[in-house]
>>> print(open('work.txt').read())   # compact mmCIF, N, CA and C atoms
# COMPACT_ATOMS: atom_id res chain seq x y z
N MET A 21 0.80 -1.19 0.00
CA MET A 21 0.00 0.00 0.00
C MET A 21 0.85 1.26 0.00
N LYS A 22 2.12 1.13 0.03
CA LYS A 22 3.00 2.28 0.03
C LYS A 22 2.69 3.17 -1.17
N GLY A 23 2.64 4.46 -0.94
CA GLY A 23 2.42 5.42 -2.01
C GLY A 23 1.26 6.35 -1.71
N LYS A 24 0.99 7.19 -2.69
CA LYS A 24 -0.09 8.17 -2.57
C LYS A 24 -1.32 7.65 -3.28
N TRP A 25 -2.46 7.77 -2.63
CA TRP A 25 -3.73 7.28 -3.15
C TRP A 25 -4.70 8.45 -3.26
N ARG A 26 -5.37 8.57 -4.39
CA ARG A 26 -6.37 9.61 -4.62
C ARG A 26 -7.71 9.12 -4.09
N ILE A 27 -8.26 9.81 -3.11
CA ILE A 27 -9.58 9.44 -2.59
C ILE A 27 -10.61 9.84 -3.63
N THR A 28 -11.34 8.86 -4.15
CA THR A 28 -12.29 9.10 -5.23
C THR A 28 -13.74 9.08 -4.76
N LYS A 29 -14.01 8.44 -3.63
CA LYS A 29 -15.38 8.38 -3.11
C LYS A 29 -15.36 8.49 -1.60
N MET A 30 -16.27 9.30 -1.11
CA MET A 30 -16.52 9.41 0.33
C MET A 30 -18.04 9.46 0.47
N PRO A 31 -18.67 8.30 0.66
CA PRO A 31 -20.13 8.22 0.66
C PRO A 31 -20.83 9.17 1.64
N ASP A 32 -20.16 9.60 2.69
CA ASP A 32 -20.78 10.47 3.68
C ASP A 32 -20.76 11.95 3.29
N TYR A 33 -20.15 12.28 2.15
CA TYR A 33 -20.03 13.66 1.69
C TYR A 33 -20.66 13.81 0.31
N THR A 34 -21.09 15.02 -0.03
CA THR A 34 -21.54 15.28 -1.39
C THR A 34 -20.33 15.20 -2.31
N PRO A 35 -20.51 14.88 -3.60
CA PRO A 35 -19.37 14.62 -4.49
C PRO A 35 -18.30 15.72 -4.54
N ASP A 36 -18.66 17.00 -4.51
CA ASP A 36 -17.64 18.04 -4.63
C ASP A 36 -17.15 18.56 -3.28
N TYR A 37 -17.78 18.22 -2.19
CA TYR A 37 -17.40 18.74 -0.87
C TYR A 37 -16.03 18.27 -0.40
N PRO A 38 -15.68 16.99 -0.53
CA PRO A 38 -14.38 16.55 -0.01
C PRO A 38 -13.18 17.26 -0.64
N ASP A 39 -13.25 17.67 -1.91
CA ASP A 39 -12.13 18.35 -2.57
C ASP A 39 -12.15 19.86 -2.31
N MET A 40 -12.75 20.30 -1.24
CA MET A 40 -12.95 21.71 -0.98
C MET A 40 -11.64 22.51 -0.98
N VAL A 41 -10.60 22.05 -0.31
CA VAL A 41 -9.35 22.80 -0.18
C VAL A 41 -8.31 22.33 -1.19
N GLU A 42 -8.19 21.05 -1.37
CA GLU A 42 -7.23 20.45 -2.30
C GLU A 42 -7.76 19.07 -2.69
N PRO A 43 -7.19 18.45 -3.71
CA PRO A 43 -7.64 17.09 -4.05
C PRO A 43 -7.43 16.14 -2.87
N ASP A 44 -8.43 15.35 -2.56
CA ASP A 44 -8.37 14.41 -1.44
C ASP A 44 -7.33 13.33 -1.70
N TYR A 45 -6.60 12.96 -0.67
CA TYR A 45 -5.61 11.89 -0.81
C TYR A 45 -5.31 11.27 0.54
N ILE A 46 -4.68 10.10 0.47
CA ILE A 46 -4.10 9.46 1.64
C ILE A 46 -2.77 8.88 1.18
N LEU A 47 -1.74 9.05 1.98
CA LEU A 47 -0.40 8.63 1.61
C LEU A 47 0.19 7.76 2.71
N PHE A 48 0.79 6.65 2.30
CA PHE A 48 1.48 5.76 3.23
C PHE A 48 2.93 5.69 2.80
N ASP A 49 3.87 5.95 3.73
CA ASP A 49 5.29 5.97 3.37
C ASP A 49 5.96 4.60 3.43
N GLY A 50 5.26 3.57 3.84
CA GLY A 50 5.83 2.23 3.90
C GLY A 50 6.62 1.96 5.17
N GLN A 51 6.71 2.96 6.05
CA GLN A 51 7.44 2.80 7.31
C GLN A 51 6.56 3.11 8.51
N GLY A 52 5.25 2.99 8.32
CA GLY A 52 4.32 3.24 9.41
C GLY A 52 3.82 4.68 9.51
N GLY A 53 4.23 5.52 8.58
CA GLY A 53 3.81 6.91 8.62
C GLY A 53 3.03 7.30 7.37
N GLY A 54 2.62 8.53 7.34
CA GLY A 54 1.92 9.04 6.17
C GLY A 54 1.13 10.27 6.51
N GLU A 55 0.18 10.59 5.64
CA GLU A 55 -0.65 11.77 5.84
C GLU A 55 -1.91 11.65 4.99
N PHE A 56 -2.88 12.50 5.25
CA PHE A 56 -4.10 12.54 4.44
C PHE A 56 -4.68 13.94 4.45
N ALA A 57 -5.53 14.20 3.47
CA ALA A 57 -6.27 15.46 3.41
C ALA A 57 -7.59 15.21 2.70
N PHE A 58 -8.67 15.71 3.28
CA PHE A 58 -9.98 15.73 2.64
C PHE A 58 -10.79 16.85 3.28
N ASP A 59 -11.66 17.48 2.49
CA ASP A 59 -12.48 18.57 2.99
C ASP A 59 -11.55 19.59 3.65
N CYS A 60 -11.80 19.99 4.87
CA CYS A 60 -10.92 20.90 5.62
C CYS A 60 -10.16 20.15 6.70
N VAL A 61 -9.91 18.86 6.47
CA VAL A 61 -9.26 17.99 7.46
C VAL A 61 -7.90 17.55 6.91
N THR A 62 -6.86 17.66 7.73
CA THR A 62 -5.55 17.13 7.39
C THR A 62 -5.02 16.38 8.61
N GLY A 63 -4.18 15.38 8.36
CA GLY A 63 -3.64 14.63 9.47
C GLY A 63 -2.38 13.88 9.12
N GLY A 64 -1.55 13.68 10.12
CA GLY A 64 -0.37 12.83 10.02
C GLY A 64 -0.71 11.45 10.54
N ILE A 65 -0.30 10.43 9.82
CA ILE A 65 -0.64 9.04 10.14
C ILE A 65 0.51 8.34 10.84
N PHE A 66 0.17 7.54 11.85
CA PHE A 66 1.12 6.70 12.56
C PHE A 66 0.48 5.33 12.70
N GLY A 67 1.01 4.32 12.00
CA GLY A 67 0.33 3.03 12.03
C GLY A 67 1.22 1.85 11.77
N ALA A 68 0.58 0.72 11.65
CA ALA A 68 1.27 -0.53 11.39
C ALA A 68 0.39 -1.41 10.53
N GLY A 69 1.00 -2.18 9.69
CA GLY A 69 0.25 -3.09 8.85
C GLY A 69 1.18 -3.85 7.93
N ASN A 70 0.61 -4.29 6.83
CA ASN A 70 1.41 -5.02 5.84
C ASN A 70 1.05 -4.50 4.45
N THR A 71 1.29 -5.29 3.43
CA THR A 71 1.05 -4.84 2.06
C THR A 71 -0.43 -4.81 1.69
N LYS A 72 -1.29 -5.39 2.52
CA LYS A 72 -2.72 -5.45 2.19
C LYS A 72 -3.62 -4.67 3.14
N ASN A 73 -3.16 -4.39 4.36
CA ASN A 73 -4.00 -3.61 5.27
C ASN A 73 -3.16 -2.89 6.30
N ILE A 74 -3.75 -1.84 6.84
CA ILE A 74 -3.07 -1.04 7.85
C ILE A 74 -4.11 -0.49 8.82
N GLU A 75 -3.73 -0.39 10.07
CA GLU A 75 -4.51 0.32 11.08
C GLU A 75 -3.63 1.46 11.56
N PHE A 76 -4.24 2.63 11.79
CA PHE A 76 -3.43 3.79 12.14
C PHE A 76 -4.16 4.71 13.11
N SER A 77 -3.37 5.54 13.77
CA SER A 77 -3.91 6.67 14.51
C SER A 77 -3.43 7.91 13.77
N TRP A 78 -4.04 9.03 14.06
CA TRP A 78 -3.64 10.25 13.38
C TRP A 78 -3.85 11.46 14.29
N THR A 79 -3.07 12.49 14.02
CA THR A 79 -3.23 13.79 14.66
C THR A 79 -3.22 14.83 13.55
N GLY A 80 -4.00 15.86 13.73
CA GLY A 80 -4.06 16.90 12.71
C GLY A 80 -5.04 17.97 13.09
N ASN A 81 -5.78 18.47 12.08
CA ASN A 81 -6.76 19.51 12.36
C ASN A 81 -7.94 19.43 11.41
N THR A 82 -9.01 20.03 11.85
CA THR A 82 -10.21 20.17 11.04
C THR A 82 -10.68 21.61 11.20
N GLU A 83 -10.73 22.33 10.10
CA GLU A 83 -11.10 23.74 10.12
C GLU A 83 -10.33 24.51 11.18
N MET A 84 -9.04 24.27 11.25
CA MET A 84 -8.11 24.96 12.14
C MET A 84 -8.20 24.53 13.61
N ASP A 85 -9.06 23.58 13.94
CA ASP A 85 -9.14 23.05 15.30
C ASP A 85 -8.37 21.74 15.37
N GLU A 86 -7.65 21.54 16.47
CA GLU A 86 -6.90 20.30 16.66
C GLU A 86 -7.85 19.11 16.65
N ALA A 87 -7.42 18.03 16.01
CA ALA A 87 -8.24 16.82 15.93
C ALA A 87 -7.34 15.60 15.97
N THR A 88 -7.88 14.50 16.48
CA THR A 88 -7.16 13.23 16.52
C THR A 88 -8.15 12.12 16.20
N GLY A 89 -7.61 10.97 15.89
CA GLY A 89 -8.49 9.84 15.62
C GLY A 89 -7.71 8.61 15.23
N ASP A 90 -8.40 7.70 14.59
CA ASP A 90 -7.77 6.48 14.10
C ASP A 90 -8.43 6.10 12.79
N GLY A 91 -8.00 5.00 12.24
CA GLY A 91 -8.58 4.55 10.98
C GLY A 91 -7.96 3.26 10.50
N TRP A 92 -8.38 2.86 9.34
CA TRP A 92 -7.87 1.64 8.74
C TRP A 92 -8.01 1.74 7.23
N ALA A 93 -7.25 0.93 6.53
CA ALA A 93 -7.35 0.84 5.08
C ALA A 93 -6.99 -0.58 4.66
N GLU A 94 -7.67 -1.05 3.61
CA GLU A 94 -7.45 -2.42 3.14
C GLU A 94 -7.44 -2.42 1.61
N LEU A 95 -6.42 -3.03 1.05
CA LEU A 95 -6.30 -3.16 -0.40
C LEU A 95 -7.31 -4.18 -0.89
N GLN A 96 -8.09 -3.81 -1.90
CA GLN A 96 -9.12 -4.67 -2.46
C GLN A 96 -8.58 -5.44 -3.68
N GLN A 97 -9.24 -6.50 -4.06
CA GLN A 97 -8.80 -7.31 -5.20
C GLN A 97 -8.80 -6.52 -6.51
N ASN A 98 -9.66 -5.50 -6.63
CA ASN A 98 -9.71 -4.70 -7.86
C ASN A 98 -8.65 -3.60 -7.89
N GLY A 99 -7.76 -3.55 -6.89
CA GLY A 99 -6.68 -2.58 -6.86
C GLY A 99 -7.01 -1.27 -6.17
N THR A 100 -8.24 -1.12 -5.68
CA THR A 100 -8.59 0.09 -4.94
C THR A 100 -8.30 -0.12 -3.46
N LEU A 101 -8.33 0.98 -2.75
CA LEU A 101 -8.11 0.97 -1.31
C LEU A 101 -9.43 1.37 -0.67
N GLN A 102 -9.88 0.59 0.30
CA GLN A 102 -11.11 0.91 1.02
C GLN A 102 -10.76 1.09 2.47
N GLY A 103 -11.33 2.12 3.11
CA GLY A 103 -11.00 2.34 4.50
C GLY A 103 -11.94 3.29 5.20
N GLN A 104 -11.52 3.70 6.38
CA GLN A 104 -12.32 4.59 7.20
C GLN A 104 -11.39 5.47 8.03
N ILE A 105 -11.76 6.74 8.14
CA ILE A 105 -11.05 7.69 9.00
C ILE A 105 -12.04 8.11 10.08
N CYS A 106 -11.65 7.95 11.34
CA CYS A 106 -12.53 8.21 12.47
C CYS A 106 -11.94 9.32 13.34
N PHE A 107 -12.82 10.19 13.82
CA PHE A 107 -12.44 11.22 14.79
C PHE A 107 -12.70 10.68 16.19
N HIS A 108 -11.75 10.90 17.12
CA HIS A 108 -11.99 10.46 18.49
C HIS A 108 -13.22 11.17 19.03
N ASN A 109 -14.14 10.40 19.59
CA ASN A 109 -15.39 10.91 20.14
C ASN A 109 -16.21 11.69 19.12
N GLY A 110 -16.16 11.24 17.86
CA GLY A 110 -16.89 11.97 16.84
C GLY A 110 -17.25 11.12 15.64
N ASP A 111 -17.28 11.79 14.50
CA ASP A 111 -17.69 11.18 13.25
C ASP A 111 -16.67 10.17 12.72
N GLU A 112 -17.14 9.35 11.81
CA GLU A 112 -16.27 8.45 11.05
C GLU A 112 -16.72 8.53 9.60
N THR A 113 -15.76 8.47 8.69
CA THR A 113 -16.10 8.57 7.28
C THR A 113 -15.40 7.48 6.49
N ASP A 114 -16.15 6.83 5.63
CA ASP A 114 -15.60 5.80 4.75
C ASP A 114 -14.98 6.45 3.52
N PHE A 115 -14.02 5.77 2.93
CA PHE A 115 -13.43 6.26 1.68
C PHE A 115 -13.04 5.11 0.78
N ILE A 116 -12.96 5.42 -0.50
CA ILE A 116 -12.41 4.52 -1.52
C ILE A 116 -11.38 5.33 -2.28
N ALA A 117 -10.21 4.74 -2.51
CA ALA A 117 -9.13 5.46 -3.18
C ALA A 117 -8.50 4.57 -4.25
N LYS A 118 -7.87 5.23 -5.22
CA LYS A 118 -7.13 4.51 -6.25
C LYS A 118 -5.71 5.07 -6.29
N PRO A 119 -4.75 4.30 -6.80
CA PRO A 119 -3.38 4.80 -6.85
C PRO A 119 -3.32 6.15 -7.57
N TRP A 120 -2.56 7.07 -7.00
CA TRP A 120 -2.41 8.41 -7.57
C TRP A 120 -1.28 8.33 -8.59
N LYS A 121 -1.65 8.49 -9.83
CA LYS A 121 -0.65 8.47 -10.90
C LYS A 121 -0.02 9.85 -11.00
N THR A 122 1.29 9.92 -10.86
CA THR A 122 1.99 11.20 -10.99
C THR A 122 2.72 11.25 -12.30
N SER A 123 2.90 12.41 -12.80
CA SER A 123 3.57 12.60 -14.08
C SER A 123 5.08 12.48 -13.90
N SER A 124 5.72 11.79 -14.80
CA SER A 124 7.18 11.64 -14.73
C SER A 124 7.86 12.86 -15.36
N THR A 125 7.08 13.80 -15.92
CA THR A 125 7.66 14.97 -16.56
C THR A 125 7.62 16.19 -15.64
N ALA A 126 7.13 16.03 -14.42
CA ALA A 126 7.05 17.14 -13.48
C ALA A 126 8.43 17.59 -13.06
N CYS A 127 8.60 18.90 -12.90
CA CYS A 127 9.90 19.45 -12.50
C CYS A 127 10.00 19.58 -11.00
>>> encode(input="work.txt", output="structure tokens")
Amino acid sequence: MKGKWRITKMPDYTPDYPDMVEPDYILFDGQGGGEFAFDCVTGGIFGAGNTKNIEFSWTGNTEMDEATGDGWAELQQNGTLQGQICFHNGDETDFIAKPWKTSSTAC
């Protein structure tokens, strides 16, 4: 699961709401860390897993307020990533992501 994944679906949000600030994504560095951004939420990931699934905790912010939570992600047979990001004592949101293709011509 190492790499950057473009979040393409968040069933709990209207289609254009999650990309409010920047394109939604979740990134795993392959060493238990990473980051994500959707809507007005950003977070740093700290987790453990293998090549097919990961469980993580996160710290970050939502609309400039400090936020923390946990989550999970699992690689599906069709090559997508399915998971959930949860706020401690709050909401949880499901997501589906696909590998983020980056251009090799970028400077």
>>> residues_around(input="work.txt", residues="Gly53 of chain A", least_positions_apart="2", cutoff="6.5 Å", atoms="all atoms listed in the file", output="number ranges by chain")
A: 47-51, 55, 64-67
>>> select_by_dssp(input="work.txt", residues="segment 44-111 of chain A", states="strand (DSSP E)", output="MDAnalysis selection string")
chainID A and resid 45:48 53:58 61:69 73:82 85:95 101:107
>>> atom_distance(input="work.txt", atom1="atom CA of Thr100 of chain A", atom2="atom CA of Phe58 of chain A")
17.4 Å
>>> residues_around(input="work.txt", residues="Phe115 of chain A", least_positions_apart="4", cutoff="7 Å", atoms="only C-alpha atoms", output="PDB file with N, CA and C atoms, in the frame of the given file")
ATOM      1  N   ILE A  27      -8.260   9.810  -3.110  1.00  0.00           N
ATOM      2  CA  ILE A  27      -9.580   9.440  -2.590  1.00  0.00           C
ATOM      3  C   ILE A  27     -10.610   9.840  -3.630  1.00  0.00           C
ATOM      4  N   LYS A  29     -14.010   8.440  -3.630  1.00  0.00           N
ATOM      5  CA  LYS A  29     -15.380   8.380  -3.110  1.00  0.00           C
ATOM      6  C   LYS A  29     -15.360   8.490  -1.600  1.00  0.00           C
ATOM      7  N   MET A  30     -16.270   9.300  -1.110  1.00  0.00           N
ATOM      8  CA  MET A  30     -16.520   9.410   0.330  1.00  0.00           C
ATOM      9  C   MET A  30     -18.040   9.460   0.470  1.00  0.00           C
ATOM     10  N   GLN A 102      -9.880   0.590   0.300  1.00  0.00           N
ATOM     11  CA  GLN A 102     -11.110   0.910   1.020  1.00  0.00           C
ATOM     12  C   GLN A 102     -10.760   1.090   2.470  1.00  0.00           C
ATOM     13  N   GLY A 103     -11.330   2.120   3.110  1.00  0.00           N
ATOM     14  CA  GLY A 103     -11.000   2.340   4.500  1.00  0.00           C
ATOM     15  C   GLY A 103     -11.940   3.290   5.200  1.00  0.00           C
ATOM     16  N   GLN A 104     -11.520   3.700   6.380  1.00  0.00           N
ATOM     17  CA  GLN A 104     -12.320   4.590   7.200  1.00  0.00           C
ATOM     18  C   GLN A 104     -11.390   5.470   8.030  1.00  0.00           C
TER      19      GLN A 104
END
>>> closest_residue(input="work.txt", among="A:Thr113, A:Gly91, A:Asn70, A:Asp59", to="Asp44 of chain A", atoms="only N, CA and C atoms")
A:Asp59
>>> atom_distance(input="work.txt", atom1="atom CA of Cys60 of chain A", atom2="atom C of Asn109 of chain A")
17.2 Å
>>> atom_distance(input="work.txt", atom1="atom N of Phe76 of chain A", atom2="atom C of Asp32 of chain A")
20.8 Å
>>> residues_near_point(input="work.txt", point="(-3.5, 7.9, -4.6)", cutoff="6.5 Å", atoms="all atoms listed in the file", output="JSON, numbers by chain")
{"A": [23, 24, 25, 26, 27, 45, 46, 117, 118, 119, 120, 121]}
>>> closest_residue(input="work.txt", among="A:Pro43, A:Gly80, A:Gly54, A:Gly99", to="Ala68 of chain A", atoms="only C-alpha atoms")
A:Gly54
>>> decode(input="work.txt", residues="segment 46-59 of chain A", atoms="all heavy atoms", output="PDB file, in the first residue's frame")
ATOM      1  N   ILE A  46      -4.685  10.104   0.474  1.00  0.00           N
ATOM      2  CA  ILE A  46      -4.100   9.462   1.640  1.00  0.00           C
ATOM      3  C   ILE A  46      -2.773   8.885   1.184  1.00  0.00           C
ATOM      4  O   ILE A  46      -2.667   8.357   0.074  1.00  0.00           O
ATOM      5  CB  ILE A  46      -5.045   8.403   2.260  1.00  0.00           C
ATOM      6  CG1 ILE A  46      -4.497   7.925   3.611  1.00  0.00           C
ATOM      7  CG2 ILE A  46      -5.318   7.265   1.303  1.00  0.00           C
ATOM      8  CD1 ILE A  46      -5.538   7.231   4.476  1.00  0.00           C
ATOM      9  N   LEU A  47      -1.744   9.048   1.981  1.00  0.00           N
ATOM     10  CA  LEU A  47      -0.395   8.632   1.614  1.00  0.00           C
ATOM     11  C   LEU A  47       0.187   7.755   2.709  1.00  0.00           C
ATOM     12  O   LEU A  47       0.066   8.094   3.893  1.00  0.00           O
ATOM     13  CB  LEU A  47       0.486   9.874   1.422  1.00  0.00           C
ATOM     14  CG  LEU A  47       1.943   9.603   1.088  1.00  0.00           C
ATOM     15  CD1 LEU A  47       2.393  10.536  -0.016  1.00  0.00           C
ATOM     16  CD2 LEU A  47       2.824   9.779   2.299  1.00  0.00           C
ATOM     17  N   PHE A  48       0.789   6.647   2.302  1.00  0.00           N
ATOM     18  CA  PHE A  48       1.482   5.758   3.228  1.00  0.00           C
ATOM     19  C   PHE A  48       2.935   5.685   2.799  1.00  0.00           C
ATOM     20  O   PHE A  48       3.232   5.394   1.633  1.00  0.00           O
ATOM     21  CB  PHE A  48       0.856   4.357   3.207  1.00  0.00           C
ATOM     22  CG  PHE A  48      -0.582   4.351   3.635  1.00  0.00           C
ATOM     23  CD1 PHE A  48      -1.595   4.226   2.700  1.00  0.00           C
ATOM     24  CD2 PHE A  48      -0.922   4.484   4.969  1.00  0.00           C
ATOM     25  CE1 PHE A  48      -2.927   4.229   3.089  1.00  0.00           C
ATOM     26  CE2 PHE A  48      -2.249   4.490   5.372  1.00  0.00           C
ATOM     27  CZ  PHE A  48      -3.243   4.367   4.427  1.00  0.00           C
ATOM     28  N   ASP A  49       3.870   5.947   3.735  1.00  0.00           N
ATOM     29  CA  ASP A  49       5.291   5.971   3.373  1.00  0.00           C
ATOM     30  C   ASP A  49       5.960   4.603   3.433  1.00  0.00           C
ATOM     31  O   ASP A  49       7.142   4.478   3.115  1.00  0.00           O
ATOM     32  CB  ASP A  49       6.050   6.981   4.224  1.00  0.00           C
ATOM     33  CG  ASP A  49       6.142   6.603   5.701  1.00  0.00           C
ATOM     34  OD1 ASP A  49       5.787   5.463   6.084  1.00  0.00           O
ATOM     35  OD2 ASP A  49       6.559   7.475   6.492  1.00  0.00           O
ATOM     36  N   GLY A  50       5.256   3.569   3.837  1.00  0.00           N
ATOM     37  CA  GLY A  50       5.825   2.227   3.899  1.00  0.00           C
ATOM     38  C   GLY A  50       6.620   1.957   5.166  1.00  0.00           C
ATOM     39  O   GLY A  50       7.159   0.877   5.342  1.00  0.00           O
ATOM     40  N   GLN A  51       6.708   2.965   6.054  1.00  0.00           N
ATOM     41  CA  GLN A  51       7.440   2.798   7.306  1.00  0.00           C
ATOM     42  C   GLN A  51       6.558   3.108   8.509  1.00  0.00           C
ATOM     43  O   GLN A  51       7.043   3.477   9.565  1.00  0.00           O
ATOM     44  CB  GLN A  51       8.678   3.691   7.302  1.00  0.00           C
ATOM     45  CG  GLN A  51       9.634   3.342   6.191  1.00  0.00           C
ATOM     46  CD  GLN A  51      10.814   4.297   6.146  1.00  0.00           C
ATOM     47  OE1 GLN A  51      11.063   5.060   7.066  1.00  0.00           O
ATOM     48  NE2 GLN A  51      11.559   4.246   5.066  1.00  0.00           N
ATOM     49  N   GLY A  52       5.248   2.994   8.322  1.00  0.00           N
ATOM     50  CA  GLY A  52       4.315   3.241   9.412  1.00  0.00           C
ATOM     51  C   GLY A  52       3.822   4.676   9.512  1.00  0.00           C
ATOM     52  O   GLY A  52       3.084   5.013  10.419  1.00  0.00           O
ATOM     53  N   GLY A  53       4.228   5.521   8.584  1.00  0.00           N
ATOM     54  CA  GLY A  53       3.807   6.913   8.616  1.00  0.00           C
ATOM     55  C   GLY A  53       3.034   7.295   7.372  1.00  0.00           C
ATOM     56  O   GLY A  53       2.848   6.491   6.467  1.00  0.00           O
ATOM     57  N   GLY A  54       2.619   8.530   7.338  1.00  0.00           N
ATOM     58  CA  GLY A  54       1.924   9.038   6.174  1.00  0.00           C
ATOM     59  C   GLY A  54       1.127  10.270   6.510  1.00  0.00           C
ATOM     60  O   GLY A  54       1.337  10.911   7.551  1.00  0.00           O
ATOM     61  N   GLU A  55       0.178  10.594   5.644  1.00  0.00           N
ATOM     62  CA  GLU A  55      -0.654  11.771   5.835  1.00  0.00           C
ATOM     63  C   GLU A  55      -1.913  11.652   4.986  1.00  0.00           C
ATOM     64  O   GLU A  55      -1.990  10.789   4.108  1.00  0.00           O
ATOM     65  CB  GLU A  55       0.110  13.039   5.447  1.00  0.00           C
ATOM     66  CG  GLU A  55       0.515  13.056   3.972  1.00  0.00           C
ATOM     67  CD  GLU A  55       1.418  14.212   3.604  1.00  0.00           C
ATOM     68  OE1 GLU A  55       2.354  14.507   4.389  1.00  0.00           O
ATOM     69  OE2 GLU A  55       1.191  14.822   2.550  1.00  0.00           O
ATOM     70  N   PHE A  56      -2.885  12.505   5.248  1.00  0.00           N
ATOM     71  CA  PHE A  56      -4.097  12.537   4.435  1.00  0.00           C
ATOM     72  C   PHE A  56      -4.675  13.942   4.448  1.00  0.00           C
ATOM     73  O   PHE A  56      -4.355  14.763   5.315  1.00  0.00           O
ATOM     74  CB  PHE A  56      -5.137  11.524   4.928  1.00  0.00           C
ATOM     75  CG  PHE A  56      -5.715  11.838   6.282  1.00  0.00           C
ATOM     76  CD1 PHE A  56      -6.801  12.692   6.407  1.00  0.00           C
ATOM     77  CD2 PHE A  56      -5.184  11.278   7.423  1.00  0.00           C
ATOM     78  CE1 PHE A  56      -7.335  12.993   7.647  1.00  0.00           C
ATOM     79  CE2 PHE A  56      -5.713  11.559   8.671  1.00  0.00           C
ATOM     80  CZ  PHE A  56      -6.793  12.425   8.785  1.00  0.00           C
ATOM     81  N   ALA A  57      -5.530  14.199   3.473  1.00  0.00           N
ATOM     82  CA  ALA A  57      -6.270  15.459   3.414  1.00  0.00           C
ATOM     83  C   ALA A  57      -7.587  15.210   2.701  1.00  0.00           C
ATOM     84  O   ALA A  57      -7.625  14.540   1.672  1.00  0.00           O
ATOM     85  CB  ALA A  57      -5.464  16.522   2.670  1.00  0.00           C
ATOM     86  N   PHE A  58      -8.669  15.714   3.285  1.00  0.00           N
ATOM     87  CA  PHE A  58      -9.979  15.732   2.639  1.00  0.00           C
ATOM     88  C   PHE A  58     -10.786  16.850   3.285  1.00  0.00           C
ATOM     89  O   PHE A  58     -10.598  17.169   4.458  1.00  0.00           O
ATOM     90  CB  PHE A  58     -10.710  14.385   2.751  1.00  0.00           C
ATOM     91  CG  PHE A  58     -11.164  14.013   4.131  1.00  0.00           C
ATOM     92  CD1 PHE A  58     -12.434  14.346   4.574  1.00  0.00           C
ATOM     93  CD2 PHE A  58     -10.328  13.315   4.983  1.00  0.00           C
ATOM     94  CE1 PHE A  58     -12.856  14.004   5.849  1.00  0.00           C
ATOM     95  CE2 PHE A  58     -10.743  12.957   6.257  1.00  0.00           C
ATOM     96  CZ  PHE A  58     -12.016  13.308   6.691  1.00  0.00           C
ATOM     97  N   ASP A  59     -11.658  17.477   2.493  1.00  0.00           N
ATOM     98  CA  ASP A  59     -12.479  18.573   2.994  1.00  0.00           C
ATOM     99  C   ASP A  59     -11.548  19.589   3.648  1.00  0.00           C
ATOM    100  O   ASP A  59     -10.571  20.011   3.032  1.00  0.00           O
ATOM    101  CB  ASP A  59     -13.530  18.004   3.944  1.00  0.00           C
ATOM    102  CG  ASP A  59     -14.478  19.041   4.514  1.00  0.00           C
ATOM    103  OD1 ASP A  59     -14.674  20.080   3.846  1.00  0.00           O
ATOM    104  OD2 ASP A  59     -15.020  18.821   5.607  1.00  0.00           O
TER     105      ASP A  59
END
